[in-house]
$ cat protein.txt   # compact mmCIF, C-alpha atoms
# COMPACT_ATOMS: atom_id res chain seq x y z
CA MET A 1 0.00 0.00 0.00
CA ARG A 2 2.84 2.40 0.77
CA GLU A 3 4.31 1.80 -2.71
CA LEU A 4 1.01 2.70 -4.32
CA GLY A 5 0.66 5.79 -2.15
CA VAL A 6 -2.51 4.39 -0.58
CA VAL A 7 -3.52 5.95 2.75
CA LEU A 8 -6.61 4.67 4.51
CA PRO A 9 -9.20 7.17 5.78
CA PRO A 10 -10.71 6.97 9.30
CA VAL A 11 -13.18 4.11 9.75
CA PHE A 12 -16.74 5.18 8.86
CA THR A 13 -19.03 4.50 11.79
CA PRO A 14 -22.55 3.39 10.87
CA ALA A 15 -25.05 5.92 12.19
CA ALA A 16 -27.65 3.30 13.05
CA ASN A 17 -28.35 -0.24 14.20
CA TYR A 18 -26.12 -2.07 11.74
CA ARG A 19 -22.46 -3.01 11.34
CA GLY A 20 -19.84 -1.83 8.89
CA CYS A 21 -18.90 -5.46 8.28
CA VAL A 22 -20.16 -8.93 9.26
CA ARG A 23 -17.99 -12.01 9.05
CA ASP A 24 -19.73 -15.30 8.42
CA GLY A 25 -18.34 -18.65 7.32
CA GLY A 26 -15.10 -17.26 5.92
CA LEU A 27 -16.73 -14.38 4.06
CA ALA A 28 -16.70 -10.73 5.07
CA TRP A 29 -19.88 -8.91 4.02
CA VAL A 30 -19.09 -5.20 3.95
CA SER A 31 -21.93 -2.67 4.21
CA GLY A 32 -22.46 0.07 1.65
CA HIS A 33 -19.72 2.69 1.99
CA GLY A 34 -19.71 6.20 0.53
CA PRO A 35 -16.90 8.47 -0.69
CA VAL A 36 -16.08 9.70 2.80
CA ASP A 37 -12.69 10.62 4.27
CA GLY A 38 -13.16 12.03 7.76
CA GLU A 39 -15.02 15.33 7.36
CA THR A 40 -14.77 15.25 3.56
CA ALA A 41 -17.28 13.57 1.22
CA ILE A 42 -18.06 13.75 -2.49
CA CYS A 43 -21.78 14.43 -2.92
CA GLY A 44 -24.16 15.23 -5.76
CA LYS A 45 -25.55 13.83 -9.00
CA VAL A 46 -23.00 12.30 -11.34
CA GLY A 47 -23.34 13.73 -14.84
CA ALA A 48 -24.61 17.05 -13.43
CA GLU A 49 -22.85 18.57 -10.37
CA VAL A 50 -20.24 15.78 -10.30
CA SER A 51 -18.07 15.08 -13.35
CA LEU A 52 -17.14 11.55 -14.44
CA GLU A 53 -13.54 12.20 -13.39
CA ARG A 54 -14.58 13.31 -9.90
CA ALA A 55 -17.03 10.40 -9.60
CA HIS A 56 -14.24 7.99 -10.52
CA ARG A 57 -12.25 9.48 -7.64
CA ALA A 58 -15.32 9.09 -5.39
CA ALA A 59 -15.48 5.37 -6.22
CA ARG A 60 -11.83 5.03 -5.24
CA MET A 61 -12.57 6.86 -1.97
CA ALA A 62 -15.47 4.50 -1.24
CA GLY A 63 -13.12 1.59 -1.88
CA LEU A 64 -10.58 3.04 0.55
CA SER A 65 -13.32 3.48 3.18
CA ILE A 66 -14.25 -0.20 2.70
CA LEU A 67 -10.60 -1.16 3.18
CA ALA A 68 -10.42 0.93 6.37
CA THR A 69 -13.40 -1.00 7.74
CA LEU A 70 -11.79 -4.32 6.75
CA GLN A 71 -8.47 -3.29 8.29
CA ALA A 72 -10.24 -2.51 11.59
CA GLU A 73 -12.20 -5.78 11.42
CA LEU A 74 -9.32 -8.07 10.40
CA GLY A 75 -6.28 -6.30 11.88
CA ASP A 76 -4.42 -6.90 8.62
CA LEU A 77 -5.53 -6.57 4.99
CA GLU A 78 -3.21 -9.49 4.15
CA ARG A 79 -5.99 -11.67 5.53
CA ILE A 80 -8.11 -10.91 2.46
CA GLU A 81 -7.75 -14.02 0.31
CA ARG A 82 -9.78 -12.60 -2.53
CA VAL A 83 -12.38 -10.01 -3.39
CA VAL A 84 -15.46 -11.96 -4.46
CA LYS A 85 -18.10 -9.39 -5.34
CA VAL A 86 -18.54 -5.65 -5.68
CA PHE A 87 -21.88 -3.89 -6.03
CA GLY A 88 -21.43 -0.30 -7.11
CA MET A 89 -24.24 2.24 -7.07
CA VAL A 90 -23.94 5.61 -8.74
CA ASN A 91 -26.11 8.62 -7.88
CA CYS A 92 -26.91 9.34 -11.53
CA ALA A 93 -28.31 12.50 -13.03
CA PRO A 94 -31.01 11.63 -15.62
CA GLY A 95 -29.38 10.29 -18.75
CA PHE A 96 -25.98 9.49 -17.23
CA ASN A 97 -25.56 5.85 -18.25
CA ARG A 98 -21.87 5.25 -17.50
CA PRO A 99 -21.91 3.69 -14.01
CA PRO A 100 -19.17 1.20 -15.01
CA ALA A 101 -16.70 3.99 -15.86
CA VAL A 102 -17.36 5.43 -12.40
CA ILE A 103 -17.08 2.20 -10.40
CA ASN A 104 -13.80 1.41 -12.19
CA GLY A 105 -12.25 3.79 -9.64
CA CYS A 106 -12.87 1.16 -6.98
CA SER A 107 -12.15 -1.89 -9.15
CA GLU A 108 -8.79 -0.49 -10.24
CA LEU A 109 -7.82 0.17 -6.61
CA LEU A 110 -8.65 -3.42 -5.65
CA VAL A 111 -6.72 -4.94 -8.55
CA ASP A 112 -3.74 -2.62 -7.95
CA LEU A 113 -3.63 -3.62 -4.28
CA PHE A 114 -4.41 -7.34 -4.40
CA GLY A 115 -3.37 -8.21 -7.96
CA GLY A 116 -5.44 -9.51 -10.86
CA GLU A 117 -6.16 -12.89 -9.30
CA ALA A 118 -7.05 -12.04 -5.68
CA GLY A 119 -8.38 -8.61 -6.60
CA GLY A 120 -10.45 -9.67 -9.64
CA HIS A 121 -14.10 -9.63 -8.61
CA ALA A 122 -17.61 -10.15 -9.91
CA ARG A 123 -19.38 -6.81 -10.20
CA SER A 124 -22.50 -4.90 -11.04
CA ALA A 125 -22.41 -1.15 -11.56
CA VAL A 126 -25.77 0.61 -11.74
CA GLY A 127 -27.40 4.00 -11.43
CA VAL A 128 -29.72 4.53 -8.49
CA ALA A 129 -32.19 7.32 -7.79
CA GLU A 130 -30.87 8.61 -4.47
CA LEU A 131 -28.07 7.77 -2.04
CA PRO A 132 -27.60 8.46 1.68
CA PHE A 133 -26.34 12.00 2.41
CA ASP A 134 -26.47 12.59 -1.37
CA TRP A 135 -23.22 10.63 -1.80
CA ALA A 136 -22.08 10.45 -5.43
CA VAL A 137 -21.47 6.70 -5.11
CA GLU A 138 -22.06 3.89 -2.64
CA ILE A 139 -20.26 0.54 -2.84
CA GLU A 140 -20.66 -2.74 -0.98
CA LEU A 141 -18.37 -5.76 -1.17
CA VAL A 142 -18.01 -9.44 -0.28
CA ALA A 143 -14.53 -10.85 0.36
CA ARG A 144 -13.07 -14.25 1.23
CA ILE A 145 -10.97 -14.13 4.40
CA ARG A 146 -8.17 -16.55 5.30
CA MET B 147 -41.70 -11.78 20.09
CA ARG B 148 -44.76 -11.70 22.31
CA GLU B 149 -42.96 -9.43 24.76
CA LEU B 150 -42.14 -6.98 21.97
CA GLY B 151 -45.72 -7.09 20.68
CA VAL B 152 -44.54 -8.53 17.38
CA VAL B 153 -47.19 -10.28 15.31
CA LEU B 154 -46.21 -11.84 11.99
CA PRO B 155 -48.30 -11.10 8.88
CA PRO B 156 -49.46 -13.83 6.47
CA VAL B 157 -46.66 -15.25 4.30
CA PHE B 158 -46.29 -13.27 1.08
CA THR B 159 -46.57 -15.64 -1.88
CA PRO B 160 -44.34 -14.79 -4.86
CA ALA B 161 -46.51 -14.07 -7.86
CA ALA B 162 -44.10 -15.69 -10.30
CA ASN B 163 -41.50 -18.38 -10.92
CA TYR B 164 -39.30 -17.71 -7.90
CA ARG B 165 -39.17 -18.58 -4.19
CA GLY B 166 -39.64 -16.39 -1.13
CA CYS B 167 -36.50 -17.98 0.33
CA VAL B 168 -33.76 -20.38 -0.76
CA ARG B 169 -31.57 -22.23 1.70
CA ASP B 170 -28.06 -23.11 0.58
CA GLY B 171 -25.03 -24.19 2.59
CA GLY B 172 -26.33 -22.92 5.91
CA LEU B 173 -27.48 -19.57 4.56
CA ALA B 174 -31.05 -18.48 3.90
CA TRP B 175 -31.31 -16.06 0.98
CA VAL B 176 -34.60 -14.20 1.35
CA SER B 177 -36.20 -12.57 -1.70
CA GLY B 178 -37.14 -8.89 -1.77
CA HIS B 179 -40.19 -8.31 0.45
CA GLY B 180 -42.45 -5.27 0.48
CA PRO B 181 -44.45 -3.60 3.26
CA VAL B 182 -47.37 -5.98 2.92
CA ASP B 183 -49.66 -7.35 5.62
CA GLY B 184 -52.40 -9.44 4.03
CA GLU B 185 -54.56 -7.02 2.01
CA THR B 186 -52.73 -3.95 3.33
CA ALA B 187 -49.60 -2.43 1.80
CA ILE B 188 -47.78 0.90 2.08
CA CYS B 189 -47.24 2.30 -1.40
CA GLY B 190 -45.99 5.52 -2.94
CA LYS B 191 -42.92 7.74 -3.21
CA VAL B 192 -41.13 8.40 0.07
CA GLY B 193 -40.59 12.11 0.58
CA ALA B 194 -43.73 12.94 -1.40
CA GLU B 195 -46.91 10.86 -0.76
CA VAL B 196 -45.24 8.85 2.01
CA SER B 197 -43.69 10.61 5.03
CA LEU B 198 -40.42 9.51 6.60
CA GLU B 199 -42.33 8.30 9.66
CA ARG B 200 -44.68 6.17 7.56
CA ALA B 201 -41.78 4.86 5.44
CA HIS B 202 -39.98 3.83 8.64
CA ARG B 203 -43.10 1.84 9.55
CA ALA B 204 -43.11 0.35 6.04
CA ALA B 205 -39.53 -0.89 6.52
CA ARG B 206 -40.59 -2.56 9.76
CA MET B 207 -43.53 -4.17 7.91
CA ALA B 208 -41.19 -5.48 5.21
CA GLY B 209 -38.99 -6.92 7.96
CA LEU B 210 -42.00 -8.66 9.51
CA SER B 211 -42.95 -10.08 6.12
CA ILE B 212 -39.40 -11.44 5.76
CA LEU B 213 -39.68 -13.04 9.20
CA ALA B 214 -43.03 -14.63 8.25
CA THR B 215 -41.33 -16.21 5.24
CA LEU B 216 -38.43 -17.45 7.40
CA GLN B 217 -40.85 -18.81 10.02
CA ALA B 218 -42.67 -20.79 7.30
CA GLU B 219 -39.36 -22.00 5.85
CA LEU B 220 -37.63 -22.91 9.12
CA GLY B 221 -40.54 -23.77 11.40
CA ASP B 222 -38.93 -21.74 14.17
CA LEU B 223 -37.21 -18.34 14.09
CA GLU B 224 -34.90 -19.61 16.87
CA ARG B 225 -33.05 -21.38 14.08
CA ILE B 226 -31.71 -18.04 12.85
CA GLU B 227 -28.14 -17.95 14.14
CA ARG B 228 -27.48 -14.46 12.86
CA VAL B 229 -28.65 -11.90 10.35
CA VAL B 230 -25.74 -11.46 7.93
CA LYS B 231 -26.85 -8.88 5.38
CA VAL B 232 -29.75 -6.54 4.67
CA PHE B 233 -30.26 -4.71 1.39
CA GLY B 234 -32.88 -2.01 1.74
CA MET B 235 -34.38 -0.18 -1.23
CA VAL B 236 -36.51 2.92 -0.84
CA ASN B 237 -38.95 4.20 -3.48
CA CYS B 238 -37.60 7.75 -3.29
CA ALA B 239 -39.22 10.92 -4.53
CA PRO B 240 -36.61 13.10 -6.27
CA GLY B 241 -34.35 14.70 -3.68
CA PHE B 242 -35.21 12.37 -0.78
CA ASN B 243 -31.76 11.24 0.30
CA ARG B 244 -32.49 9.61 3.67
CA PRO B 245 -32.85 5.91 2.81
CA PRO B 246 -30.91 4.91 5.96
CA ALA B 247 -33.46 6.62 8.26
CA VAL B 248 -36.17 4.61 6.49
CA ILE B 249 -34.47 1.22 6.54
CA ASN B 250 -33.73 1.67 10.26
CA GLY B 251 -37.34 0.52 10.76
CA CYS B 252 -36.24 -2.96 9.68
CA SER B 253 -32.79 -2.90 11.33
CA GLU B 254 -34.27 -1.88 14.70
CA LEU B 255 -36.80 -4.72 14.49
CA LEU B 256 -34.03 -7.26 13.83
CA VAL B 257 -31.81 -6.01 16.66
CA ASP B 258 -34.78 -5.86 19.07
CA LEU B 259 -35.72 -9.44 18.23
CA PHE B 260 -32.33 -11.16 17.94
CA GLY B 261 -30.13 -8.85 20.04
CA GLY B 262 -27.16 -6.73 19.03
CA GLU B 263 -24.87 -9.66 18.28
CA ALA B 264 -27.10 -12.06 16.31
CA GLY B 265 -29.25 -9.24 14.92
CA GLY B 266 -26.41 -6.89 13.94
CA HIS B 267 -26.05 -7.05 10.16
CA ALA B 268 -24.14 -5.57 7.24
CA ARG B 269 -26.41 -3.24 5.28
CA SER B 270 -26.87 -0.97 2.33
CA ALA B 271 -29.81 1.43 2.16
CA VAL B 272 -30.41 3.12 -1.18
CA GLY B 273 -33.02 4.95 -3.18
CA VAL B 274 -34.32 3.23 -6.29
CA ALA B 275 -36.41 4.58 -9.16
CA GLU B 276 -39.41 2.25 -8.98
CA LEU B 277 -40.54 -0.74 -6.93
CA PRO B 278 -43.02 -3.56 -7.60
CA PHE B 279 -46.65 -2.54 -6.98
CA ASP B 280 -45.31 0.93 -6.12
CA TRP B 281 -44.24 -0.36 -2.67
CA ALA B 282 -42.62 2.35 -0.52
CA VAL B 283 -39.77 0.00 0.36
CA GLU B 284 -38.42 -3.41 -0.59
CA ILE B 285 -35.94 -5.33 1.54
CA GLU B 286 -33.95 -8.53 0.99
CA LEU B 287 -31.86 -10.39 3.56
CA VAL B 288 -29.27 -13.12 4.04
CA ALA B 289 -29.22 -15.05 7.34
CA ARG B 290 -27.11 -17.82 8.84
CA ILE B 291 -29.23 -20.79 9.93
CA ARG B 292 -28.29 -23.34 12.60
CA MET C 293 -31.36 -26.84 -24.06
CA ARG C 294 -31.75 -28.06 -27.62
CA GLU C 295 -35.30 -29.26 -26.84
CA LEU C 296 -36.22 -25.79 -25.55
CA GLY C 297 -34.64 -24.13 -28.57
CA VAL C 298 -32.13 -22.36 -26.32
CA VAL C 299 -29.02 -21.04 -28.07
CA LEU C 300 -26.35 -19.29 -26.03
CA PRO C 301 -24.97 -15.94 -27.22
CA PRO C 302 -21.23 -15.13 -27.34
CA VAL C 303 -19.67 -14.61 -23.90
CA PHE C 304 -19.89 -10.96 -22.85
CA THR C 305 -16.41 -9.69 -22.01
CA PRO C 306 -16.23 -7.20 -19.14
CA ALA C 307 -14.88 -3.90 -20.44
CA ALA C 308 -12.94 -3.18 -17.26
CA ASN C 309 -10.98 -4.57 -14.33
CA TYR C 310 -13.51 -7.13 -13.16
CA ARG C 311 -14.59 -10.69 -14.01
CA GLY C 312 -17.78 -12.02 -15.55
CA CYS C 313 -17.91 -14.64 -12.80
CA VAL C 314 -16.02 -15.50 -9.62
CA ARG C 315 -16.16 -18.95 -8.02
CA ASP C 316 -15.71 -19.11 -4.27
CA GLY C 317 -16.48 -21.92 -1.85
CA GLY C 318 -18.85 -23.76 -4.16
CA LEU C 319 -20.76 -20.68 -5.25
CA ALA C 320 -20.50 -18.90 -8.58
CA TRP C 321 -21.08 -15.15 -8.26
CA VAL C 322 -22.03 -13.86 -11.70
CA SER C 323 -21.58 -10.17 -12.53
CA GLY C 324 -24.41 -8.02 -13.81
CA HIS C 325 -25.24 -8.98 -17.41
CA GLY C 326 -27.29 -6.99 -19.89
CA PRO C 327 -29.56 -8.03 -22.80
CA VAL C 328 -26.67 -8.46 -25.20
CA ASP C 329 -26.25 -11.00 -28.01
CA GLY C 330 -23.06 -10.25 -29.95
CA GLU C 331 -23.63 -6.92 -31.68
CA THR C 332 -27.29 -6.73 -30.65
CA ALA C 333 -28.60 -5.25 -27.39
CA ILE C 334 -31.99 -4.08 -26.11
CA CYS C 335 -31.63 -0.55 -24.77
CA GLY C 336 -33.92 2.19 -23.47
CA LYS C 337 -36.39 3.00 -20.74
CA VAL C 338 -38.95 0.29 -20.03
CA GLY C 339 -42.47 1.69 -20.07
CA ALA C 340 -41.45 4.37 -22.59
CA GLU C 341 -39.23 3.33 -25.58
CA VAL C 342 -39.28 -0.33 -24.54
CA SER C 343 -42.57 -2.20 -24.10
CA LEU C 344 -43.18 -4.70 -21.32
CA GLU C 345 -43.15 -7.51 -23.88
CA ARG C 346 -39.79 -6.44 -25.28
CA ALA C 347 -38.37 -5.92 -21.79
CA HIS C 348 -39.46 -9.45 -20.86
CA ARG C 349 -37.47 -10.66 -23.87
CA ALA C 350 -34.53 -8.52 -22.72
CA ALA C 351 -34.57 -10.25 -19.32
CA ARG C 352 -34.45 -13.62 -21.05
CA MET C 353 -31.50 -12.39 -23.16
CA ALA C 354 -29.67 -11.26 -20.01
CA GLY C 355 -30.31 -14.71 -18.54
CA LEU C 356 -28.86 -16.34 -21.65
CA SER C 357 -25.79 -14.10 -21.46
CA ILE C 358 -25.33 -15.19 -17.82
CA LEU C 359 -25.56 -18.82 -18.90
CA ALA C 360 -22.96 -18.24 -21.63
CA THR C 361 -20.58 -16.89 -18.99
CA LEU C 362 -21.28 -19.87 -16.72
CA GLN C 363 -20.81 -22.30 -19.61
CA ALA C 364 -17.39 -20.76 -20.34
CA GLU C 365 -16.46 -20.81 -16.64
CA LEU C 366 -17.70 -24.32 -15.84
CA GLY C 367 -17.36 -26.12 -19.16
CA ASP C 368 -20.79 -27.65 -18.64
CA LEU C 369 -24.04 -26.14 -17.35
CA GLU C 370 -24.84 -29.53 -15.78
CA ARG C 371 -22.44 -28.50 -13.04
CA ILE C 372 -25.01 -25.97 -11.79
CA GLU C 373 -26.56 -27.65 -8.77
CA ARG C 374 -29.06 -24.90 -8.16
CA VAL C 375 -29.73 -21.25 -8.84
CA VAL C 376 -29.63 -19.54 -5.43
CA LYS C 377 -30.32 -15.88 -6.05
CA VAL C 378 -31.26 -13.52 -8.86
CA PHE C 379 -31.11 -9.73 -8.61
CA GLY C 380 -32.94 -8.12 -11.51
CA MET C 381 -32.69 -4.41 -12.28
CA VAL C 382 -35.00 -2.71 -14.77
CA ASN C 383 -34.21 0.61 -16.47
CA CYS C 384 -37.63 2.06 -15.64
CA ALA C 385 -39.33 5.06 -17.17
CA PRO C 386 -40.97 7.16 -14.42
CA GLY C 387 -44.11 5.43 -13.20
CA PHE C 388 -43.31 1.97 -14.59
CA ASN C 389 -43.70 -0.18 -11.48
CA ARG C 390 -43.76 -3.68 -12.95
CA PRO C 391 -40.14 -4.85 -12.64
CA PRO C 392 -41.26 -8.35 -11.59
CA ALA C 393 -43.20 -8.88 -14.85
CA VAL C 394 -40.01 -7.97 -16.72
CA ILE C 395 -37.58 -10.10 -14.74
CA ASN C 396 -39.91 -13.09 -15.13
CA GLY C 397 -38.32 -13.43 -18.58
CA CYS C 398 -35.13 -14.58 -16.85
CA SER C 399 -36.79 -16.55 -14.05
CA GLU C 400 -38.91 -18.53 -16.52
CA LEU C 401 -35.81 -19.41 -18.56
CA LEU C 402 -34.02 -20.69 -15.45
CA VAL C 403 -36.96 -22.80 -14.29
CA ASP C 404 -37.54 -24.16 -17.81
CA LEU C 405 -33.88 -25.19 -18.08
CA PHE C 406 -33.11 -26.47 -14.60
CA GLY C 407 -36.58 -27.41 -13.35
CA GLY C 408 -38.61 -26.03 -10.46
CA GLU C 409 -36.32 -27.37 -7.74
CA ALA C 410 -32.81 -26.56 -9.05
CA GLY C 411 -34.01 -23.55 -11.00
CA GLY C 412 -36.21 -22.02 -8.27
CA HIS C 413 -34.35 -19.03 -6.85
CA ALA C 414 -34.67 -16.20 -4.36
CA ARG C 415 -35.15 -12.91 -6.21
CA SER C 416 -35.54 -9.18 -6.05
CA ALA C 417 -36.77 -7.23 -9.07
CA VAL C 418 -36.46 -3.47 -8.87
CA GLY C 419 -36.42 -0.35 -11.00
CA VAL C 420 -33.16 1.57 -11.17
CA ALA C 421 -32.43 5.06 -12.50
CA GLU C 422 -29.83 4.25 -15.14
CA LEU C 423 -28.01 1.19 -16.48
CA PRO C 424 -24.72 0.73 -18.34
CA PHE C 425 -25.01 1.43 -22.10
CA ASP C 426 -28.69 2.29 -21.44
CA TRP C 427 -29.50 -1.45 -21.26
CA ALA C 428 -33.21 -2.12 -20.62
CA VAL C 429 -32.32 -4.62 -17.88
CA GLU C 430 -29.30 -5.88 -15.96
CA ILE C 431 -29.30 -9.12 -13.99
CA GLU C 432 -26.82 -10.72 -11.59
CA LEU C 433 -26.97 -14.20 -10.13
CA VAL C 434 -25.52 -16.53 -7.51
CA ALA C 435 -25.49 -20.30 -8.18
CA ARG C 436 -24.37 -23.38 -6.28
CA ILE C 437 -21.88 -25.45 -8.30
CA ARG C 438 -21.24 -29.18 -7.89
$ encode --input "protein.txt" --output "structure tokens"
Amino acid sequence: MRELGVVLPPVFTPAANYRGCVRDGGLAWVSGHGPVDGETAICGKVGAEVSLERAHRAARMAGLSILATLQAELGDLERIERVVKVFGMVNCAPGFNRPPAVINGCSELLVDLFGGEAGGHARSAVGVAELPFDWAVEIELVARIR
Amino acid sequence: MRELGVVLPPVFTPAANYRGCVRDGGLAWVSGHGPVDGETAICGKVGAEVSLERAHRAARMAGLSILATLQAELGDLERIERVVKVFGMVNCAPGFNRPPAVINGCSELLVDLFGGEAGGHARSAVGVAELPFDWAVEIELVARIR
Amino acid sequence: MRELGVVLPPVFTPAANYRGCVRDGGLAWVSGHGPVDGETAICGKVGAEVSLERAHRAARMAGLSILATLQAELGDLERIERVVKVFGMVNCAPGFNRPPAVINGCSELLVDLFGGEAGGHARSAVGVAELPFDWAVEIELVARIR
């Protein structure tokens, strides 16, 4: 991570009666995370207030927030055997039909960090109507833990 | 459940070629359930026709409908070892960006019933464009069964 | 498949850093697939440019594209022990609240091919704001492999 210049943000604390991550039977199910780094967040409709480039950065930020949660849960990201599934949701302005180009910001981070084999995941990338706190993206993930 | 005044609604029967719940390898995968109690349902756009308070109640109703399906499938809700994952979808009016406050209605029910450990789940709560029958919310769930 | 007149399309190649399918612990997690058959795709808003009938066909096409990916991954679709979960997303025009009637096109294909027991799956069918390439539907799936 140091080589790639990756710095994890503070762990995002769920504001309600749920967990940031649940481990079950060797899988870690990570809750939906937004593009949040401490007091900073990227909010707004992608394709209108938020450009594709900025949304791509938001997806990377959401990925980093997921990794911060996993780091806190597992103690060490080396314990991630592989990323199994990513579900990426984009807060789309009407007519913006490029959710995959946005969610690539997270997918590229995962493949850079874990490599093509352990980091290569199944994925859907879709446009939703609204997201919590008007986040530009929200991403959830399932990973195999060793 | 009696202590908490929880009464399960009739089991919601899927209207098509799918199941309300599939058990596989110790997990129960529960299909998307709406806020339906027999002939009654809460429908409409949250933030417009449906208030936050009413939508919160709808999320609780969807949770109860999920539990009715699990009760029918398992014979006994005591067989739920833990709730692993909740995916909550809110039928949002444009600009309503508080899906988490809505889906809390379901999360609070689960934690009240199963406790913070077994009931504490990973979650995403998002706003979708349209839901079946114009339901105000739809919720799906994955649980570990003993 | 021959009896049912089912012909698989070419495998859809993900355009980015993710996989069409990841196998983990006996499950195959299949990425979101659209209604694509080689150069042909069904695109547009369901309930506006795309009729319910055509959208139903699109859901079947997305199901076939999923099966093509599984065939390439597994070598033989007989290795599918059961379909566990389907998540169906419809590119809805405002006010079109019949996602289940659309996604039935995929569910019916699965039950026809694998039978009511192995093909019967948990499901959610919802309307999203936007889909990649303006696809009319996108479907992802989890299956148990033997």
$ closest_residue --input "protein.txt" --among "B:Arg200, B:Lys191, B:Arg228, B:His267" --to "Asn389 (chain C)" --atoms "only C-alpha atoms"
B:Lys191
$ interface_residues --input "protein.txt" --of "chain B" --to "chain A" --cutoff "9 Å" --atoms "all atoms listed in the file" --output "count of residues only"
34
$ residues_around --input "protein.txt" --residues "Val102 (chain A)" --least-positions-apart "3" --cutoff "7 Å" --atoms "all atoms listed in the file" --output "VMD selection string"
chain A and resid 52 55 to 56 59 98 to 99 105
$ atom_distance --input "protein.txt" --atom1 "CA of Leu77 (chain A)" --atom2 "CA of Met61 (chain A)"
16.7 Å
$ atom_distance --input "protein.txt" --atom1 "CA of Thr13 (chain A)" --atom2 "CA of Leu74 (chain A)"
15.9 Å
$ closest_residue --input "protein.txt" --among "C:Val303, C:Val328, C:Leu433, C:Leu362" --to "Arg349 (chain C)" --atoms "only C-alpha atoms"
C:Val328
$ atom_distance --input "protein.txt" --atom1 "CA of Leu255 (chain B)" --atom2 "CA of Asp222 (chain B)"
17.2 Å
$ residues_near_point --input "protein.txt" --point "(-29.1, -20.5, -25.0)" --cutoff "9 Å" --atoms "only C-alpha atoms" --output "count of residues only"
14
$ residues_around --input "protein.txt" --residues "Arg146 (chain A)" --least-positions-apart "3" --cutoff "10 Å" --atoms "all atoms listed in the file" --output "PyMOL selection string"
chain A and resi 26-27+74+78-82+143
$ axis_aligned_box --input "protein.txt" --around "region 212-221 of chain B" --padding-each-side "8 Å" --output "lines of an AutoDock Vina configuration file"
center_x = -40.3
center_y = -17.6
center_z = 8.3
size_x = 21.4
size_y = 28.3
size_z = 22.2
$ decode --input "protein.txt" --residues "region 9-13 of chain A" --atoms "all heavy atoms" --output "short mmCIF file (atom, residue, chain, number, x, y, z; two decimals), in the first residue's frame"
data_model
loop_
_atom_site.label_atom_id
_atom_site.label_comp_id
_atom_site.auth_asym_id
_atom_site.auth_seq_id
_atom_site.Cartn_x
_atom_site.Cartn_y
_atom_site.Cartn_z
N PRO A 9 -8.50 6.12 5.02
CA PRO A 9 -9.20 7.17 5.78
C PRO A 9 -9.61 6.62 7.16
O PRO A 9 -9.47 5.42 7.41
CB PRO A 9 -10.44 7.43 4.91
CG PRO A 9 -10.72 6.11 4.27
CD PRO A 9 -9.36 5.49 4.03
N PRO A 10 -10.15 7.48 8.04
CA PRO A 10 -10.71 6.97 9.30
C PRO A 10 -11.86 6.00 9.01
O PRO A 10 -12.53 6.12 7.97
CB PRO A 10 -11.26 8.24 9.97
CG PRO A 10 -10.61 9.39 9.28
CD PRO A 10 -10.27 8.93 7.90
N VAL A 11 -12.08 5.06 9.91
CA VAL A 11 -13.18 4.11 9.75
C VAL A 11 -14.52 4.86 9.81
O VAL A 11 -14.72 5.69 10.69
CB VAL A 11 -13.14 3.04 10.86
CG1 VAL A 11 -14.36 2.13 10.77
CG2 VAL A 11 -11.86 2.21 10.75
N PHE A 12 -15.40 4.58 8.86
CA PHE A 12 -16.74 5.18 8.86
C PHE A 12 -17.63 4.43 9.83
O PHE A 12 -17.81 3.22 9.71
CB PHE A 12 -17.33 5.12 7.44
CG PHE A 12 -18.71 5.73 7.35
CD1 PHE A 12 -18.86 7.11 7.29
CD2 PHE A 12 -19.84 4.94 7.33
CE1 PHE A 12 -20.12 7.69 7.20
CE2 PHE A 12 -21.11 5.51 7.26
CZ PHE A 12 -21.24 6.88 7.19
N THR A 13 -18.18 5.14 10.79
CA THR A 13 -19.03 4.50 11.79
C THR A 13 -20.49 4.56 11.36
O THR A 13 -21.02 5.65 11.14
CB THR A 13 -18.89 5.21 13.15
OG1 THR A 13 -17.50 5.32 13.45
CG2 THR A 13 -19.60 4.43 14.25
#
